[in-house]
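Shown next, in structure tokens, is the structure this report addresses.
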Amino acid sequence: MPLLWISISFILGIVISSLIPSSSYLWLGIGLVVLLLAFIVSQIVKRRNISLPDFQYILALSLLVAFIIGAWRYQAAQPNIDAFHVAFYNDRDYEMLVTGTLTKPPDYRDTYTNLRLNVEAIDSGSGDLPASGLMLVRVPAHETYEYGQRVRVRGKLETPPEDEEFSYRDYLARGGVYSYMSIAEVTVLPGNGGSVFYTAVYKLKEKLIQNTYRLFNDPESSLLAGILFGVDTGLTRDLQNAFKNTGTAHIIAISGFNMAIIASVFYSIFKNVFGERYGALFAIIGIILYTILVGAEAAVVRAAVMGCIALIARVLGRKQLALNTLLVVAGFMCLVNPFFVWDVGFQLSFFATLGLILYAEPFSSFTNTLISKISKHDTSALTRIINDNVVLTFAAQLTTIPIMAYHFKRISLVSFIANPFILPVQPAVMILSGLAVFTSLVIYPLGQLLAWIAWPFATYTIRMVELFDRVPHGTIFLGDSSFWLVLFFYVALLTVTFNWSAIKEKFNSLAVSLRAIALTATAAFLFICTILLWRASASTGDGQLHITFLDAGSANAVLIQTPEGRNVLINGGASTTELSDELGRRLPFFSRRLDWLVVASTNEDELSALPRVLERYPPENVLWSGNIQASFSAQTLDKFFADEGIPVSRAEVGQRLELGDGAFIEVQAEGPRGSVLLLQYKNFRALFPIGISEGTYELLEYGNVIDKVDVLLLADSGYAPSNPPDIFENLNPQLVVLSVSAGDEDGLPSQDVLDSLDGYSLLRTDRSGWISVITDGNAMHVEVERSE
């Protein structure tokens with residue numbers, strides 16, 4: 001397999017060149033010298049009639065040349081940082097004006113947005129100078145941008161940071177980014193510098209992602225955005241950690257596993273229409289377009305190229321030497337971008353595929369033999385299920401464990417159990433949800449119907465990940481792992497592998513078992529029915545009032561679900577991903593609208609999550625209190641309600657919002673900062689002073705006007721002037737709830753407030769997570785996300 005060894009030699013040249021400071025001209029000179037010496041040797045051999053084994057001589061020369069080319073390619077990829085490169089101006093003590101074009105769609109996060117610019121000019125104070133290079137700019141959230149926009153940013157240019165845990169500098173350098181602006185002001189300029197083709201592709205991708213969030217609740221919608229389109233920023237940090245801890249993070253990234261499903265679907269569709277050869281051609285075109293659509297990351301490109309080569313080999317009738325193909329593809333990708341060698345996703349995808357190539361067949365054969373010895377009956381269905389869901393997973397994990405330990409400093413023991421439960425439903429997740437999203441572009445109601453069919457599989461995936469994440473000691477957290485230890489593991493493993501006579505080089509496909517299909521279909525049908533019945537029963541009114549204080553940091557987000565099944569949201573906090581995830585878990589799947597949104601405070605931190613979340617969960621009505629001009633998010637919401645025709649009522653003192661079955665919300669006070677709200681259901685009462693304004697407590701006689709309450713939400717995350725001691729004595733609450741972030745930057749809650757609450761039952765979202773109060777109007781009980 002000469003191509004295999006040539007590819008290895010090329011990649012080794014890249015690695016060695018990164019360790020030796022040198023220039024591309026040096027390696028180019030070494031290459032010319034080697035070729036010259038090879039020519040001289042060949043002439044001497046020819047004249048003296050010396051017999052040399054031609055193949056070995058050519059292979060040795062090819063390996064040496066490949067090594068030199070790899071070393072030269074790495075050095076040639078290094079940027080030439082001069083006065084015309086943006087990185088030349090890094091780490092100056094003054095601000096720069098940089099003009100450029102967005103080379104990728106904006107990366108929206110909860111509290112900021114990342115923009116990647118192709119720099120055109122830079123102004124350090126003496127006018128625009130022509131410049132080049134890529135830079136990453138972090139700008140405030142809530143503004144919208146588009147691929148290809150020309151912008152001008154003002155801020156200090158920095159070298160991307162790095163620390164002992166993670167090098168952001170190296171991560172960005174792999175994409176050719178060497179400059180970073182952590183705080184910037186943006187001015188959008190006229191004109192568009194983007195490609196017409198990519199503009200159309202990214203607009204389509206944006207529309208598909210929007211429809212994904214319209215069709216599915218969170219967290220399912222964010223999971224599917226990651227699986228289908230490579231956008232996983234909508235998942236909460238806790239859920240992302242759950243995927244990592246259970247060894248299933250590969251599900252939420254476009255990997256070889258995902259691409260294999262897509263390639264199979266494309267080929268099956270086009271083969272029946274155009275025949276095998278043209279079907280493979282159109283399937284390859286589909287794979288290429290899909291790769292571009294999801295962003296063409298390193299692992300995605302590798303998986304796409306592998307899929308295309310496999311299809312071509314299948315149509316031409318040639319047996320694919322998988323190991324040779326894998327190394328050739330890896331070498332080709334590193335020729336295009338030598339920094340792929342250090343890309344974690346590329347490494348995981350490469351070694352997972354390597355594990356399948358080397359170990360899938362022998363492990364499966366061992367399983368077949370073992371089961372046949374245990375049982376004399378037909379066990380083909382059981383064997384197929386075990387091989388597909390357990391053995392293949394173990395084969396891929398065997399070769400990726402060292403990579404996970406080295407980069408993520410953890411080993412997931414529970415992954416060996418979690419993956420067999422989760423992977424079998426992933427084809428259904430991808431195919432059904434993908435079909436739903438693409439169909440919704442043409443016929444939205446039909447897409448929604450398909451989404452209802454696809455939803456249980458996505459929900460099952462998340463619930464199983466969360467279930468296995470709760471297994472005690474399921475993850476071993478390690479310190480820093482030695483590179484040499486990782487290298488020793490692979491050397492030892494491959495040494496044993498290539499000297500093990502039972503290892504074969506080709507995959508043997510097993511006949512599809514009708515029994516296995518019947519068992520799987522029956523189990524899936526029963527599961528879907530169970531999930532739909534459970535969700536339907538959980539989403540309708542149960543005759544009790546549910547008040548959930550969501551974990552919104554040092555802000556407030558309160559979801560009220562009435563005995564008749566109505567849903568009321570008060571404010572939303574600062575995190576879009578957290579709020580969307582919490583609402584998606586609690587609102588009915590078949591009815592995703594809020595009955596009421598109550599804006600009880602117009603502070604930015606209280607509302608900044610709402611503009612994007614309300615596009616997914618629009619309210620039927622809005623009760624508004626506070627100054628609209630108080631924050632950017634308040635103004636954005638006001639415009640959104642006007643554009644969507646959502647009726648907005650201004651809150652007035654004494655106004656009641658009837659919730660059915662005798663439950664109501666009453667406005668106790670209203671001012672420029674917002675309002676104080678009282679929720680009452682039969683004998684149960686809860687007070688939410690979310691928008692407390694100066695002088696409000698005096699008007700309320702420090703609670704005497706309101707009288708006793710069962711639940712009290714602390715105002716302003718426990719800020720002392722907003723929570724005078726008299727209010728606790730006069731209201732005498734059974735439960736006090738504090739919504740605050742862990743390690744609040746303002747030092748909240750105030751110690752004086754905590755001292756005043758001595759003797760009261762206090763629950764805090766920074767310690768307990770979400771807090772849910774459930775009452776029938778007479779008695780109440782409390783549930784929390786986690787015990788303190």
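FYI, nothing fancy with the structure tokens labels: chains A, B, ... in order, residues from 1 per chain, ligands from 1 as they appear.
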I'd like the contact shell of stretch 74-87 of chain A - 9 Å cut-off, only C-alpha atoms, skipping same-chain residues fewer than 2 positions apart - returned as a ChimeraX atom specification. /A:13-15,17-18,21-25,27,69-72,89-91,98,119,121-122,129-135,157-159,176-180,335,337-339
Do you know which residues are at most 9 Å from A:Arg214 counting only C-alpha atoms, after dropping those on the same chain fewer than 5 positions away, and could you put them as a ChimeraX atom specification? /A:209,221,448,592,615-617
Could you tell me how far atom CA of A:Arg593 sits from atom CA of A:Ser768, in Å to one decimal place?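 So the two atoms, atom CA of A:Ser768 and atom CA of A:Arg593, lie 27.6 Å apart.
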Within 7 Å of A:Gly573, counting only C-alpha atoms, which residues show up once you throw out same-chain ones fewer than 5 positions away? Write them as a PyMOL selection string, please. chain A and resi 552+555-557+605-609
Could the residues in this selection be saved with C-alpha atoms as a PDB file, in the first residue's frame?
ATOM      1  CA  ALA A 552     -31.871  33.083  34.820  1.00  0.00           C
ATOM      2  CA  ALA A 555     -32.362  38.356  36.646  1.00  0.00           C
ATOM      3  CA  ASN A 556     -35.860  36.894  36.686  1.00  0.00           C
ATOM      4  CA  ALA A 557     -37.739  34.456  34.491  1.00  0.00           C
ATOM      5  CA  ASP A 605     -30.627  41.872  31.853  1.00  0.00           C
ATOM      6  CA  GLU A 606     -34.283  41.103  32.500  1.00  0.00           C
ATOM      7  CA  LEU A 607     -35.266  41.045  28.812  1.00  0.00           C
ATOM      8  CA  SER A 608     -32.218  40.347  26.633  1.00  0.00           C
ATOM      9  CA  ALA A 609     -33.129  36.667  26.128  1.00  0.00           C
TER      10      ALA A 609
END
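Considering the residues A:Thr233, A:Ser7, A:Ser750, A:Ser761 and counting only C-alpha atoms, A:Asn732 has its shortest atom-to-atom contact with A:Ser761.
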Given only C-alpha atoms as the counted atoms, nearest of A:Gly434, A:Pro724, A:Pro647, A:Gly660 to A:Glu564: A:Gly660
For A:Leu714, list every protein, DNA or RNA residue within 8 Å, evaluated using only C-alpha atoms, and leave out those in the same chain fewer than 2 positions away; present the list as a list in words.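 Listed by chain and then number, they are Phe688, Pro689, Ile690, Leu712, Asp716, Ser717, Gly718, Asn723, Val736, Val737, Leu738 and Ser739 of chain A.
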Take the selection from the previous step and output its residues with N, CA and C atoms, as a short mmCIF file (atom, residue, chain, number, x, y, z; two decimals), in the first residue's frame.
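Heads up, here's the output in part-v2.cif:
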data_model
loop_
_atom_site.label_atom_id
_atom_site.label_comp_id
_atom_site.auth_asym_id
_atom_site.auth_seq_id
_atom_site.Cartn_x
_atom_site.Cartn_y
_atom_site.Cartn_z
N PHE A 688 -44.29 39.08 43.40
CA PHE A 688 -43.12 39.23 42.53
C PHE A 688 -42.78 40.72 42.37
N PRO A 689 -41.95 41.29 43.24
CA PRO A 689 -41.57 42.71 43.10
C PRO A 689 -40.42 42.88 42.10
N ILE A 690 -40.62 42.42 40.88
CA ILE A 690 -39.54 42.37 39.88
C ILE A 690 -39.15 43.77 39.42
N LEU A 712 -42.43 34.67 48.32
CA LEU A 712 -41.92 36.00 48.01
C LEU A 712 -40.66 35.86 47.16
N ASP A 716 -34.47 42.49 42.71
CA ASP A 716 -33.12 42.86 42.27
C ASP A 716 -32.04 41.92 42.82
N SER A 717 -32.34 40.62 42.80
CA SER A 717 -31.37 39.57 43.18
C SER A 717 -30.80 39.77 44.58
N GLY A 718 -31.59 40.33 45.47
CA GLY A 718 -31.16 40.48 46.86
C GLY A 718 -30.40 41.74 47.14
N ASN A 723 -34.85 45.52 49.22
CA ASN A 723 -35.42 44.49 50.07
C ASN A 723 -35.31 44.89 51.55
N VAL A 736 -39.05 32.03 50.59
CA VAL A 736 -38.43 33.16 49.90
C VAL A 736 -37.55 32.60 48.78
N VAL A 737 -37.70 33.15 47.59
CA VAL A 737 -36.94 32.69 46.42
C VAL A 737 -35.99 33.79 45.99
N LEU A 738 -34.74 33.41 45.76
CA LEU A 738 -33.71 34.35 45.31
C LEU A 738 -33.18 33.90 43.96
N SER A 739 -33.33 34.74 42.94
CA SER A 739 -32.80 34.47 41.60
C SER A 739 -31.50 35.25 41.44
#
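Counting only C-alpha atoms, stretch 396-402 of chain A has the following residues at most 7 Å away, ignoring those fewer than 4 positions along the same chain: Leu348, Phe351, Ala352, Thr353, Gly355, Leu356, Leu392, Tyr406, Ile411 and Val486 of chain A.
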Take the residues that were just selected and, keeping C-alpha atoms, output them as an mmCIF file, in the first residue's frame.
data_model
loop_
_atom_site.group_PDB
_atom_site.id
_atom_site.type_symbol
_atom_site.label_atom_id
_atom_site.label_comp_id
_atom_site.auth_asym_id
_atom_site.auth_seq_id
_atom_site.Cartn_x
_atom_site.Cartn_y
_atom_site.Cartn_z
ATOM 1 C CA LEU A 348 -11.489 12.180 16.545
ATOM 2 C CA PHE A 351 -9.278 7.676 14.682
ATOM 3 C CA ALA A 352 -12.948 6.665 14.990
ATOM 4 C CA THR A 353 -12.926 5.642 11.328
ATOM 5 C CA GLY A 355 -11.127 1.907 14.724
ATOM 6 C CA LEU A 356 -14.058 0.811 12.571
ATOM 7 C CA LEU A 392 -19.174 -1.086 16.312
ATOM 8 C CA TYR A 406 -5.556 14.167 26.098
ATOM 9 C CA ILE A 411 -12.753 9.437 30.047
ATOM 10 C CA VAL A 486 -0.875 8.767 24.059
#
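Each of A:Cys308, A:Leu659, A:Leu614, A:Val300 was compared to A:Ala283 using only C-alpha atoms, and A:Cys308 turns out to be the nearest.
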Just checking: using only C-alpha atoms, which residue out of A:Asp170, A:Asp707, A:Glu604, A:Glu729 ends up closest to A:Arg673?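 Ranking A:Asp170, A:Asp707, A:Glu604, A:Glu729 by distance to A:Arg673, first place goes to A:Glu604.
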